[in-house]
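**Student:** Contents of input02.cif (mmCIF, C-alpha atoms) are below:
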```
data_coords
#
loop_
_atom_site.group_PDB
_atom_site.id
_atom_site.type_symbol
_atom_site.label_atom_id
_atom_site.label_comp_id
_atom_site.auth_asym_id
_atom_site.auth_seq_id
_atom_site.Cartn_x
_atom_site.Cartn_y
_atom_site.Cartn_z
ATOM 1 C CA MET A 1 8.981 -4.932 -16.947
ATOM 2 C CA ARG A 2 8.213 -7.884 -19.199
ATOM 3 C CA VAL A 3 8.084 -11.371 -17.721
ATOM 4 C CA VAL A 4 8.151 -14.077 -20.376
ATOM 5 C CA LEU A 5 7.831 -17.821 -19.812
ATOM 6 C CA ILE A 6 10.164 -19.043 -22.556
ATOM 7 C CA ASP A 7 9.889 -22.757 -21.956
ATOM 8 C CA TYR A 8 8.837 -25.344 -19.403
ATOM 9 C CA LEU A 9 8.681 -29.104 -19.067
ATOM 10 C CA GLU A 10 5.624 -29.926 -21.107
ATOM 11 C CA ASP A 11 3.216 -32.287 -19.433
ATOM 12 C CA ALA A 12 5.040 -31.528 -16.177
ATOM 13 C CA GLU A 13 2.192 -32.554 -13.904
ATOM 14 C CA ARG A 14 1.699 -35.970 -15.542
ATOM 15 C CA VAL A 15 5.480 -36.490 -15.547
ATOM 16 C CA MET A 16 5.701 -35.679 -11.823
ATOM 17 C CA ALA A 17 2.760 -37.916 -11.019
ATOM 18 C CA ALA A 18 4.111 -40.842 -13.067
ATOM 19 C CA CYS A 19 7.531 -40.609 -11.435
ATOM 20 C CA ALA A 20 5.929 -40.453 -8.004
ATOM 21 C CA ASP A 21 3.577 -43.365 -8.707
ATOM 22 C CA SER A 22 6.468 -45.520 -9.909
ATOM 23 C CA CYS A 23 7.838 -45.490 -6.360
ATOM 24 C CA ASN A 24 4.840 -47.471 -5.123
ATOM 25 C CA THR A 25 4.328 -49.914 -8.004
ATOM 26 C CA ASN A 26 6.315 -52.411 -10.057
ATOM 27 C CA SER A 27 5.852 -50.296 -13.191
ATOM 28 C CA PRO A 28 8.503 -47.833 -14.383
ATOM 29 C CA ALA A 29 7.611 -44.174 -14.723
ATOM 30 C CA HIS A 30 7.624 -44.166 -18.523
ATOM 31 C CA GLU A 31 4.930 -46.859 -18.676
ATOM 32 C CA ILE A 32 2.763 -45.121 -16.107
ATOM 33 C CA HIS A 33 3.139 -41.841 -17.956
ATOM 34 C CA GLN A 34 1.719 -43.351 -21.145
ATOM 35 C CA ASN A 35 -1.586 -44.205 -19.474
ATOM 36 C CA ILE A 36 -2.036 -41.833 -16.550
ATOM 37 C CA SER A 37 -5.003 -39.469 -16.792
ATOM 38 C CA ASP A 38 -4.991 -35.802 -15.910
ATOM 39 C CA GLU A 39 -7.390 -36.522 -13.038
ATOM 40 C CA ARG A 40 -5.121 -39.234 -11.635
ATOM 41 C CA ALA A 41 -2.082 -36.965 -11.989
ATOM 42 C CA ALA A 42 -3.840 -34.122 -10.173
ATOM 43 C CA GLY A 43 -4.804 -36.464 -7.354
ATOM 44 C CA ILE A 44 -1.228 -37.696 -6.923
ATOM 45 C CA ILE A 45 0.174 -34.164 -6.880
ATOM 46 C CA LYS A 46 -2.324 -33.095 -4.235
ATOM 47 C CA TYR A 47 -1.426 -36.158 -2.182
ATOM 48 C CA ILE A 48 2.318 -35.556 -2.294
ATOM 49 C CA GLN A 49 1.837 -31.899 -1.364
ATOM 50 C CA GLU A 50 -0.378 -32.795 1.610
ATOM 51 C CA HIS A 51 2.108 -35.427 2.832
ATOM 52 C CA GLY A 52 5.277 -33.428 2.234
ATOM 53 C CA HIS A 53 6.886 -35.586 -0.451
ATOM 54 C CA LEU A 54 7.964 -32.428 -2.218
ATOM 55 C CA SER A 55 11.033 -33.737 -4.040
ATOM 56 C CA VAL A 56 8.546 -34.862 -6.691
ATOM 57 C CA GLU A 57 7.982 -31.195 -7.558
ATOM 58 C CA GLU A 58 11.606 -30.985 -8.648
ATOM 59 C CA PHE A 59 10.703 -33.104 -11.693
ATOM 60 C CA SER A 60 9.560 -29.919 -13.446
ATOM 61 C CA SER A 61 11.352 -26.868 -14.783
ATOM 62 C CA TYR A 62 10.446 -23.380 -15.946
ATOM 63 C CA VAL A 63 12.573 -20.926 -17.932
ATOM 64 C CA PHE A 64 11.822 -17.203 -17.585
ATOM 65 C CA SER A 65 13.137 -14.138 -19.356
ATOM 66 C CA ILE A 66 12.725 -10.881 -17.426
ATOM 67 C CA GLU A 67 13.204 -7.658 -19.365
ATOM 68 C CA ASP A 68 13.666 -4.123 -18.038
ATOM 69 C CA ILE A 69 14.154 -4.923 -14.371
ATOM 70 C CA SER A 70 16.579 -2.979 -12.200
ATOM 71 C CA ARG A 71 19.785 -4.347 -10.773
ATOM 72 C CA VAL A 72 18.326 -3.472 -7.386
ATOM 73 C CA ALA A 73 15.831 -6.271 -7.955
ATOM 74 C CA THR A 74 18.167 -8.741 -9.652
ATOM 75 C CA HIS A 75 20.615 -8.492 -6.736
ATOM 76 C CA GLN A 76 17.807 -9.928 -4.622
ATOM 77 C CA LEU A 77 16.645 -12.477 -7.190
ATOM 78 C CA VAL A 78 20.022 -14.170 -7.643
ATOM 79 C CA ARG A 79 20.115 -15.047 -3.944
ATOM 80 C CA HIS A 80 17.907 -18.023 -4.752
ATOM 81 C CA ARG A 81 20.671 -20.624 -4.937
ATOM 82 C CA MET A 82 18.443 -23.419 -6.255
ATOM 83 C CA ALA A 83 17.870 -21.466 -9.463
ATOM 84 C CA THR A 84 20.264 -20.688 -12.308
ATOM 85 C CA PHE A 85 20.654 -17.220 -13.801
ATOM 86 C CA LEU A 86 22.199 -15.548 -16.857
ATOM 87 C CA GLN A 87 22.227 -11.742 -16.799
ATOM 88 C CA GLN A 88 23.001 -8.990 -19.266
ATOM 89 C CA SER A 89 26.642 -7.992 -18.831
ATOM 90 C CA MET A 90 27.449 -4.349 -18.220
ATOM 91 C CA ARG A 91 31.067 -5.221 -18.971
ATOM 92 C CA TYR A 92 30.239 -5.504 -22.652
ATOM 93 C CA ASN A 93 27.041 -3.455 -22.836
ATOM 94 C CA GLU A 94 26.354 0.102 -21.832
ATOM 95 C CA PRO A 95 23.248 1.951 -20.628
ATOM 96 C CA SER A 96 20.968 2.856 -23.496
ATOM 97 C CA ASP A 97 19.668 6.356 -24.204
ATOM 98 C CA PHE A 98 16.060 7.475 -23.970
ATOM 99 C CA LYS A 99 13.952 5.561 -26.454
ATOM 100 C CA LEU A 100 10.855 7.012 -28.091
ATOM 101 C CA VAL A 101 8.051 4.455 -27.777
ATOM 102 C CA ASP A 102 4.422 5.295 -28.630
ATOM 103 C CA GLY A 103 5.062 9.022 -28.357
ATOM 104 C CA LYS A 104 6.834 8.900 -24.972
ATOM 105 C CA TYR A 105 10.444 8.699 -23.935
ATOM 106 C CA GLU A 106 11.328 5.455 -22.171
ATOM 107 C CA PRO A 107 14.048 6.022 -19.549
ATOM 108 C CA TRP A 108 17.019 3.650 -19.402
ATOM 109 C CA PHE A 109 16.471 3.291 -15.657
ATOM 110 C CA ILE A 110 13.644 2.233 -13.355
ATOM 111 C CA ILE A 111 11.560 4.938 -11.652
ATOM 112 C CA PRO A 112 10.059 3.854 -8.290
ATOM 113 C CA PRO A 113 6.273 4.369 -8.218
ATOM 114 C CA ASP A 114 6.445 5.937 -4.740
ATOM 115 C CA MET A 115 8.700 8.620 -6.173
ATOM 116 C CA VAL A 116 6.149 9.286 -8.907
ATOM 117 C CA ARG A 117 3.278 9.336 -6.410
ATOM 118 C CA ALA A 118 5.130 11.886 -4.312
ATOM 119 C CA ALA A 119 5.733 14.049 -7.396
ATOM 120 C CA GLU A 120 2.018 13.916 -8.192
ATOM 121 C CA LYS A 121 1.145 15.150 -4.700
ATOM 122 C CA SER A 122 3.656 17.869 -3.861
ATOM 123 C CA GLU A 123 6.236 20.271 -5.239
ATOM 124 C CA LYS A 124 8.875 18.727 -2.979
ATOM 125 C CA GLY A 125 8.114 15.355 -4.528
ATOM 126 C CA PHE A 126 8.412 16.839 -8.012
ATOM 127 C CA GLU A 127 11.753 18.419 -7.108
ATOM 128 C CA ASP A 128 12.989 15.050 -5.850
ATOM 129 C CA LEU A 129 11.943 13.448 -9.134
ATOM 130 C CA ILE A 130 13.863 16.091 -11.074
ATOM 131 C CA SER A 131 16.893 15.447 -8.862
ATOM 132 C CA TYR A 132 16.667 11.728 -9.592
ATOM 133 C CA PHE A 133 16.646 12.337 -13.344
ATOM 134 C CA GLU A 134 19.537 14.797 -13.036
ATOM 135 C CA LEU A 135 21.549 12.236 -11.087
ATOM 136 C CA MET A 136 20.919 9.584 -13.715
ATOM 137 C CA ASP A 137 21.820 12.017 -16.486
ATOM 138 C CA ALA A 138 25.061 12.904 -14.702
ATOM 139 C CA SER A 139 26.036 9.247 -14.281
ATOM 140 C CA LYS A 140 25.339 8.582 -17.972
ATOM 141 C CA ARG A 141 27.334 11.658 -19.023
ATOM 142 C CA ILE A 142 30.306 10.698 -16.852
ATOM 143 C CA TYR A 143 30.152 7.133 -18.162
ATOM 144 C CA ASN A 144 30.266 8.377 -21.764
ATOM 145 C CA GLU A 145 33.070 10.879 -21.099
ATOM 146 C CA MET A 146 35.340 8.558 -19.139
ATOM 147 C CA SER A 147 38.265 6.902 -20.862
ATOM 148 C CA GLY A 148 39.134 3.287 -20.364
ATOM 149 C CA LYS A 149 37.309 -0.001 -20.651
ATOM 150 C CA LYS A 150 33.580 -0.439 -20.183
ATOM 151 C CA GLU A 151 34.314 -2.848 -17.351
ATOM 152 C CA ASP A 152 35.819 0.053 -15.391
ATOM 153 C CA ARG A 153 33.394 2.758 -16.491
ATOM 154 C CA ARG A 154 30.468 0.621 -15.298
ATOM 155 C CA PHE A 155 31.377 1.542 -11.706
ATOM 156 C CA VAL A 156 29.497 4.827 -12.192
ATOM 157 C CA ILE A 157 26.299 3.125 -13.374
ATOM 158 C CA PRO A 158 23.521 3.315 -10.719
ATOM 159 C CA HIS A 159 21.711 0.190 -9.523
ATOM 160 C CA GLY A 160 18.512 1.588 -11.014
ATOM 161 C CA VAL A 161 19.716 0.849 -14.566
ATOM 162 C CA LYS A 162 17.434 -1.432 -16.558
ATOM 163 C CA THR A 163 18.784 -4.905 -17.187
ATOM 164 C CA ASN A 164 17.655 -8.232 -18.619
ATOM 165 C CA ILE A 165 18.001 -11.553 -16.847
ATOM 166 C CA SER A 166 16.967 -15.122 -17.584
ATOM 167 C CA MET A 167 16.497 -17.904 -15.060
ATOM 168 C CA ILE A 168 15.541 -21.538 -14.728
ATOM 169 C CA ALA A 169 14.234 -23.262 -11.613
ATOM 170 C CA ASN A 170 12.130 -26.270 -10.753
ATOM 171 C CA GLY A 171 8.575 -26.223 -9.480
ATOM 172 C CA ARG A 172 9.521 -26.822 -5.875
ATOM 173 C CA GLU A 173 11.884 -23.847 -5.787
ATOM 174 C CA PHE A 174 9.205 -21.604 -7.251
ATOM 175 C CA ARG A 175 6.397 -22.895 -5.022
ATOM 176 C CA GLU A 176 8.315 -23.161 -1.755
ATOM 177 C CA ALA A 177 10.856 -20.345 -1.950
ATOM 178 C CA ILE A 178 10.602 -17.769 -4.720
ATOM 179 C CA ILE A 179 6.837 -17.246 -4.800
ATOM 180 C CA PRO A 180 6.137 -17.211 -1.006
ATOM 181 C CA LEU A 181 9.069 -14.928 -0.247
ATOM 182 C CA ARG A 182 8.746 -12.525 -3.159
ATOM 183 C CA THR A 183 4.946 -12.133 -3.260
ATOM 184 C CA CYS A 184 4.945 -11.232 0.436
ATOM 185 C CA TYR A 185 3.806 -7.680 1.168
ATOM 186 C CA THR A 186 7.175 -6.967 2.823
ATOM 187 C CA ALA A 187 9.097 -7.824 -0.354
ATOM 188 C CA GLN A 188 10.594 -4.972 -2.356
ATOM 189 C CA TRP A 189 7.914 -3.628 -4.715
ATOM 190 C CA GLU A 190 9.684 -4.431 -7.995
ATOM 191 C CA ILE A 191 10.572 -8.054 -7.250
ATOM 192 C CA ARG A 192 7.087 -8.488 -5.758
ATOM 193 C CA SER A 193 5.484 -7.455 -9.050
ATOM 194 C CA MET A 194 7.816 -9.826 -10.889
ATOM 195 C CA ALA A 195 6.846 -12.710 -8.570
ATOM 196 C CA TYR A 196 3.109 -12.140 -9.093
ATOM 197 C CA ALA A 197 3.708 -12.031 -12.845
ATOM 198 C CA MET A 198 5.593 -15.323 -12.656
ATOM 199 C CA LEU A 199 2.914 -16.917 -10.497
ATOM 200 C CA THR A 200 0.232 -15.966 -13.028
ATOM 201 C CA LEU A 201 2.146 -17.751 -15.783
ATOM 202 C CA LEU A 202 3.011 -20.753 -13.613
ATOM 203 C CA LYS A 203 -0.643 -21.257 -12.704
ATOM 204 C CA ASN A 204 -1.544 -21.036 -16.356
ATOM 205 C CA VAL A 205 0.714 -23.922 -17.409
ATOM 206 C CA SER A 206 0.735 -26.009 -14.187
ATOM 207 C CA PRO A 207 -2.555 -25.254 -12.426
ATOM 208 C CA THR A 208 -2.530 -28.188 -10.001
ATOM 209 C CA LEU A 209 1.057 -27.704 -8.860
ATOM 210 C CA PHE A 210 0.559 -23.983 -8.210
ATOM 211 C CA ASP A 211 -3.090 -24.108 -7.141
ATOM 212 C CA VAL A 212 -2.162 -23.169 -3.585
ATOM 213 C CA ALA A 213 0.779 -20.850 -4.093
ATOM 214 C CA GLY A 214 1.451 -17.352 -2.879
ATOM 215 C CA PRO A 215 2.681 -15.529 0.219
ATOM 216 C CA LYS A 216 2.645 -17.254 3.599
ATOM 217 C CA CYS A 217 -0.381 -15.255 4.759
ATOM 218 C CA ILE A 218 -2.374 -17.141 2.115
ATOM 219 C CA THR A 219 -0.768 -20.587 2.087
ATOM 220 C CA ASP A 220 0.046 -20.950 5.793
ATOM 221 C CA LYS A 221 0.346 -18.099 8.278
ATOM 222 C CA CYS A 222 2.028 -14.726 8.183
ATOM 223 C CA ILE A 223 5.596 -14.798 9.468
ATOM 224 C CA GLU A 224 6.335 -11.116 8.923
ATOM 225 C CA LYS A 225 5.814 -7.974 10.968
ATOM 226 C CA TYR A 226 2.355 -7.243 9.550
ATOM 227 C CA SER A 227 0.903 -10.336 11.281
ATOM 228 C CA GLY A 228 -1.481 -11.081 8.429
ATOM 229 C CA LYS A 229 -2.917 -7.562 8.156
ATOM 230 C CA CYS A 230 -1.923 -7.467 4.477
ATOM 231 C CA GLU A 231 -3.883 -10.649 3.674
ATOM 232 C CA PRO A 232 -6.994 -8.848 2.285
ATOM 233 C CA LEU A 233 -4.821 -6.857 -0.118
ATOM 234 C CA THR A 234 -2.944 -9.967 -1.173
ATOM 235 C CA ARG A 235 -6.152 -11.909 -1.789
ATOM 236 C CA GLU A 236 -7.519 -9.043 -3.863
ATOM 237 C CA ILE A 237 -4.417 -9.120 -6.087
ATOM 238 C CA LEU A 238 -4.582 -12.907 -6.483
ATOM 239 C CA ASP A 239 -8.300 -12.775 -7.310
ATOM 240 C CA LYS A 240 -7.766 -10.140 -10.004
ATOM 241 C CA LEU A 241 -4.890 -12.067 -11.542
ATOM 242 C CA GLU A 242 -6.872 -15.302 -11.519
ATOM 243 C CA LYS A 243 -9.657 -13.675 -13.521
ATOM 244 C CA LEU A 244 -7.139 -12.798 -16.240
ATOM 245 C CA GLU A 245 -5.668 -16.300 -16.614
ATOM 246 C CA ASP A 246 -8.010 -17.169 -19.487
ATOM 247 C CA GLU A 247 -6.763 -14.111 -21.356
ATOM 248 C CA ILE A 248 -3.196 -15.419 -21.556
ATOM 249 C CA LYS A 249 -2.471 -16.243 -25.196
ATOM 250 C CA VAL A 250 0.683 -17.876 -26.509
ATOM 251 C CA GLY A 251 2.919 -15.298 -28.168
ATOM 252 C CA GLU A 252 0.891 -12.287 -26.981
ATOM 253 C CA TYR A 253 1.644 -9.874 -24.156
ATOM 254 C CA LEU A 254 -0.954 -9.429 -21.420
ATOM 255 C CA ASP A 255 -0.833 -6.109 -19.555
ATOM 256 C CA LEU A 256 -0.993 -6.446 -15.742
ATOM 257 C CA THR A 257 0.001 -2.862 -14.982
ATOM 258 C CA ASP A 258 -3.341 -1.929 -13.415
ATOM 259 C CA ILE A 259 -3.026 -4.802 -10.928
ATOM 260 C CA ILE A 260 0.655 -5.100 -10.020
ATOM 261 C CA GLY A 261 2.187 -2.036 -11.659
ATOM 262 C CA TYR A 262 1.566 1.703 -11.619
ATOM 263 C CA ARG A 263 0.204 4.149 -14.186
ATOM 264 C CA ALA A 264 1.501 7.678 -13.837
ATOM 265 C CA ASP A 265 -0.478 10.829 -14.434
ATOM 266 C CA SER A 266 -0.046 11.975 -18.026
ATOM 267 C CA GLU A 267 0.106 15.655 -17.027
ATOM 268 C CA LEU A 268 3.037 14.922 -14.736
ATOM 269 C CA GLU A 269 4.817 13.172 -17.603
ATOM 270 C CA LYS A 270 4.364 16.268 -19.783
ATOM 271 C CA ARG A 271 5.454 18.622 -17.007
ATOM 272 C CA LEU A 272 8.607 16.622 -16.369
ATOM 273 C CA ALA A 273 9.479 16.664 -20.069
ATOM 274 C CA GLU A 274 9.125 20.449 -20.149
ATOM 275 C CA GLU A 275 11.327 20.799 -17.075
ATOM 276 C CA LEU A 276 13.986 18.572 -18.634
ATOM 277 C CA GLY A 277 13.752 20.258 -22.032
ATOM 278 C CA LEU A 278 12.516 17.153 -23.814
ATOM 279 C CA GLU A 279 10.289 17.197 -26.877
ATOM 280 C CA HIS A 280 8.037 14.323 -25.778
ATOM 281 C CA PRO A 281 6.508 13.225 -22.437
ATOM 282 C CA VAL A 282 8.520 10.857 -20.258
ATOM 283 C CA ASN A 283 6.931 7.524 -19.418
ATOM 284 C CA LEU A 284 6.804 7.446 -15.611
ATOM 285 C CA SER A 285 4.598 4.363 -15.341
ATOM 286 C CA PHE A 286 5.873 1.075 -14.002
ATOM 287 C CA GLU A 287 4.400 -1.239 -16.598
ATOM 288 C CA VAL A 288 4.179 -5.007 -16.106
ATOM 289 C CA LYS A 289 3.434 -7.342 -19.000
ATOM 290 C CA ILE A 290 3.563 -11.123 -19.247
ATOM 291 C CA MET A 291 3.713 -13.630 -22.082
ATOM 292 C CA ARG A 292 4.163 -17.363 -22.532
ATOM 293 C CA MET A 293 5.955 -18.516 -25.660
ATOM 294 C CA LYS A 294 4.512 -22.037 -25.822
#
```
Represent the supplied structure as structure tokens.
**Tutor:**
Amino acid sequence: MRVVLIDYLEDAERVMAACADSCNTNSPAHEIHQNISDERAAGIIKYIQEHGHLSVEEFSSYVFSIEDISRVATHQLVRHRMATFLQQSMRYNEPSDFKLVDGKYEPWFIIPPDMVRAAEKSEKGFEDLISYFELMDASKRIYNEMSGKKEDRRFVIPHGVKTNISMIANGREFREAIIPLRTCYTAQWEIRSMAYAMLTLLKNVSPTLFDVAGPKCITDKCIEKYSGKCEPLTREILDKLEKLEDEIKVGEYLDLTDIIGYRADSELEKRLAEELGLEHPVNLSFEVKIMRMK
């Protein structure tokens, strides 16, 4: 998975603060914006957050491109009605074949880390992994052999197929809805990794707005079945990601796999390739990389 911050409202925090300050003065927002300092802007944002004037946060916007995410995850993501989405169409596109990248085959579908972990631990788990690949291969073969339009043949494509999606939402939607819900320990693992990746980029470009952002167990109180028991794990993830914020460079990918992804055992990747009759190992890792483009 690659999470890329394509664009965002530059100077968002000073814009938000100027628009908010214009409500309490005789000066219009554009005049305040010309002279407001970063310190003053930060103070105003903190004030509006503490006093619940959160419509101010809607005076910001962030555009993300998410690559190689499953339709299992995007079906959940598009439920956020205060965001706008554009997704790769399987009516006009078709599942790709294995791609050889850095000496390993990249599958055209997502492989759940728990499935890989099970394969690393037991023969039953390995058999289940083989079955998963055989199922995907069968669906791809049937898709290719079927006659008719792609829009009809796509009915045989599994939800695990990799897809690309882009989205735009304002700061309030990210801070109040998407991030708290999707970074929660009870969230599905793939969309949870995506949300942490997004949060890392959001903090990098709007540090004051997203200073206190994350799951409810961090920002307020746990409202899920774990009753806050996952808080130490969540704080550990946030601490590790925070230490990497200075390493984010415009136009360069930053690998977060060791924090919010999963690296598979290389011997298992070779063994699977042998079982499937493939020349090169199969990449079984769930890799997560982020980048900001400006």
**Student:** When the PyMOL selection byres ((chain A and resi 62) around 6) is applied to the file above, which residues end up in the set, as a list in words?
**Tutor:**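 Selected by the PyMOL selection byres ((chain A and resi 62) around 6) here: Tyr8, Ser61, Val63, Ile168 and Ala169 of chain A.
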**Student:** Between atom CA of A:Phe126 and atom CA of A:Val101, measure the distance and give it in Å to one decimal.
**Tutor:**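 Going from atom CA of A:Phe126 over to atom CA of A:Val101, I get 23.3 Å.
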**Student:** Within 12 Å of A:Pro28, counting only C-alpha atoms, which residues qualify if same-chain residues fewer than 6 places away don't, as a count of residues only?
**Tutor:** 9
**Student:** Name the residues that the PyMOL selection byres ((chain A and resi 38) around 12) picks from the file above, as a PyMOL selection string, using the file's chain letters and numbers.
**Tutor:** chain A and resi 11-18+33-37+39-45+206-208
**Student:** Write the selection just made, keeping C-alpha atoms, as a compact mmCIF listing (two decimals), keeping the file's coordinate frame?
**Tutor:**
```txt
# COMPACT_ATOMS: atom_id res chain seq x y z
CA ASP A 11 3.22 -32.29 -19.43
CA ALA A 12 5.04 -31.53 -16.18
CA GLU A 13 2.19 -32.55 -13.90
CA ARG A 14 1.70 -35.97 -15.54
CA VAL A 15 5.48 -36.49 -15.55
CA MET A 16 5.70 -35.68 -11.82
CA ALA A 17 2.76 -37.92 -11.02
CA ALA A 18 4.11 -40.84 -13.07
CA HIS A 33 3.14 -41.84 -17.96
CA GLN A 34 1.72 -43.35 -21.14
CA ASN A 35 -1.59 -44.20 -19.47
CA ILE A 36 -2.04 -41.83 -16.55
CA SER A 37 -5.00 -39.47 -16.79
CA GLU A 39 -7.39 -36.52 -13.04
CA ARG A 40 -5.12 -39.23 -11.64
CA ALA A 41 -2.08 -36.97 -11.99
CA ALA A 42 -3.84 -34.12 -10.17
CA GLY A 43 -4.80 -36.46 -7.35
CA ILE A 44 -1.23 -37.70 -6.92
CA ILE A 45 0.17 -34.16 -6.88
CA SER A 206 0.74 -26.01 -14.19
CA PRO A 207 -2.56 -25.25 -12.43
CA THR A 208 -2.53 -28.19 -10.00
```
**Student:** Taking the file above as input, evaluate the PyMOL selection byres ((chain A and resi 182) around 8) and report the hits as a PyMOL selection string.
**Tutor:** chain A and resi 178-181+183-184+187-188+191-192+195+215
**Student:** When you count all atoms listed in the file, which of these residues is closest to A:Glu127: A:Arg271, A:His51, A:Arg91, A:Lys221?
**Tutor:**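 Smallest distance to A:Glu127 is found for A:Arg271.
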**Student:** Record the distance separating atom CA of A:Met1 and atom CA of A:Arg81, expressed in Å with one decimal.
**Tutor:**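 Between these atoms lies a distance of 23.0 Å.
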**Student:** Missing atoms in stretch 60-81 of chain A need filling: write out N, CA and C atoms for it as a PDB file, in the coordinates of the input.
**Tutor:**
```pdb
ATOM      1  N   SER A  60      10.166 -30.922 -12.560  1.00  0.00           N
ATOM      2  CA  SER A  60       9.560 -29.919 -13.446  1.00  0.00           C
ATOM      3  C   SER A  60      10.557 -28.787 -13.565  1.00  0.00           C
ATOM      4  N   SER A  61      10.446 -28.010 -14.605  1.00  0.00           N
ATOM      5  CA  SER A  61      11.352 -26.868 -14.783  1.00  0.00           C
ATOM      6  C   SER A  61      10.672 -25.780 -15.595  1.00  0.00           C
ATOM      7  N   TYR A  62      11.056 -24.539 -15.303  1.00  0.00           N
ATOM      8  CA  TYR A  62      10.446 -23.380 -15.946  1.00  0.00           C
ATOM      9  C   TYR A  62      11.543 -22.360 -16.250  1.00  0.00           C
ATOM     10  N   VAL A  63      11.560 -21.880 -17.493  1.00  0.00           N
ATOM     11  CA  VAL A  63      12.573 -20.926 -17.932  1.00  0.00           C
ATOM     12  C   VAL A  63      11.916 -19.569 -18.171  1.00  0.00           C
ATOM     13  N   PHE A  64      12.385 -18.550 -17.468  1.00  0.00           N
ATOM     14  CA  PHE A  64      11.822 -17.203 -17.585  1.00  0.00           C
ATOM     15  C   PHE A  64      12.852 -16.226 -18.140  1.00  0.00           C
ATOM     16  N   SER A  65      12.360 -15.291 -18.926  1.00  0.00           N
ATOM     17  CA  SER A  65      13.137 -14.138 -19.356  1.00  0.00           C
ATOM     18  C   SER A  65      12.481 -12.898 -18.761  1.00  0.00           C
ATOM     19  N   ILE A  66      13.260 -12.096 -18.038  1.00  0.00           N
ATOM     20  CA  ILE A  66      12.725 -10.881 -17.426  1.00  0.00           C
ATOM     21  C   ILE A  66      13.431  -9.687 -18.036  1.00  0.00           C
ATOM     22  N   GLU A  67      12.665  -8.809 -18.637  1.00  0.00           N
ATOM     23  CA  GLU A  67      13.204  -7.658 -19.365  1.00  0.00           C
ATOM     24  C   GLU A  67      12.894  -6.367 -18.625  1.00  0.00           C
ATOM     25  N   ASP A  68      13.839  -5.445 -18.648  1.00  0.00           N
ATOM     26  CA  ASP A  68      13.666  -4.123 -18.038  1.00  0.00           C
ATOM     27  C   ASP A  68      13.338  -4.218 -16.544  1.00  0.00           C
ATOM     28  N   ILE A  69      14.225  -4.864 -15.823  1.00  0.00           N
ATOM     29  CA  ILE A  69      14.154  -4.923 -14.371  1.00  0.00           C
ATOM     30  C   ILE A  69      15.427  -4.270 -13.854  1.00  0.00           C
ATOM     31  N   SER A  70      15.397  -3.667 -12.699  1.00  0.00           N
ATOM     32  CA  SER A  70      16.579  -2.979 -12.200  1.00  0.00           C
ATOM     33  C   SER A  70      17.565  -3.966 -11.576  1.00  0.00           C
ATOM     34  N   ARG A  71      18.801  -3.527 -11.461  1.00  0.00           N
ATOM     35  CA  ARG A  71      19.785  -4.347 -10.773  1.00  0.00           C
ATOM     36  C   ARG A  71      19.538  -4.354  -9.263  1.00  0.00           C
ATOM     37  N   VAL A  72      18.769  -3.416  -8.780  1.00  0.00           N
ATOM     38  CA  VAL A  72      18.326  -3.472  -7.386  1.00  0.00           C
ATOM     39  C   VAL A  72      17.546  -4.759  -7.153  1.00  0.00           C
ATOM     40  N   ALA A  73      16.661  -5.072  -8.085  1.00  0.00           N
ATOM     41  CA  ALA A  73      15.831  -6.271  -7.955  1.00  0.00           C
ATOM     42  C   ALA A  73      16.598  -7.543  -8.267  1.00  0.00           C
ATOM     43  N   THR A  74      17.452  -7.506  -9.299  1.00  0.00           N
ATOM     44  CA  THR A  74      18.167  -8.741  -9.652  1.00  0.00           C
ATOM     45  C   THR A  74      19.179  -9.130  -8.580  1.00  0.00           C
ATOM     46  N   HIS A  75      19.709  -8.158  -7.832  1.00  0.00           N
ATOM     47  CA  HIS A  75      20.615  -8.492  -6.736  1.00  0.00           C
ATOM     48  C   HIS A  75      19.903  -9.342  -5.689  1.00  0.00           C
ATOM     49  N   GLN A  76      18.591  -9.129  -5.556  1.00  0.00           N
ATOM     50  CA  GLN A  76      17.807  -9.928  -4.622  1.00  0.00           C
ATOM     51  C   GLN A  76      17.458 -11.290  -5.240  1.00  0.00           C
ATOM     52  N   LEU A  77      17.103 -11.264  -6.518  1.00  0.00           N
ATOM     53  CA  LEU A  77      16.645 -12.477  -7.190  1.00  0.00           C
ATOM     54  C   LEU A  77      17.722 -13.562  -7.219  1.00  0.00           C
ATOM     55  N   VAL A  78      18.961 -13.176  -7.490  1.00  0.00           N
ATOM     56  CA  VAL A  78      20.022 -14.170  -7.643  1.00  0.00           C
ATOM     57  C   VAL A  78      20.432 -14.812  -6.322  1.00  0.00           C
ATOM     58  N   ARG A  79      19.837 -14.397  -5.229  1.00  0.00           N
ATOM     59  CA  ARG A  79      20.115 -15.047  -3.944  1.00  0.00           C
ATOM     60  C   ARG A  79      19.471 -16.427  -3.849  1.00  0.00           C
ATOM     61  N   HIS A  80      18.546 -16.706  -4.757  1.00  0.00           N
ATOM     62  CA  HIS A  80      17.907 -18.023  -4.752  1.00  0.00           C
ATOM     63  C   HIS A  80      18.891 -19.028  -5.355  1.00  0.00           C
ATOM     64  N   ARG A  81      19.557 -19.776  -4.498  1.00  0.00           N
ATOM     65  CA  ARG A  81      20.671 -20.624  -4.937  1.00  0.00           C
ATOM     66  C   ARG A  81      20.216 -21.877  -5.681  1.00  0.00           C
TER      67      ARG A  81
END
```
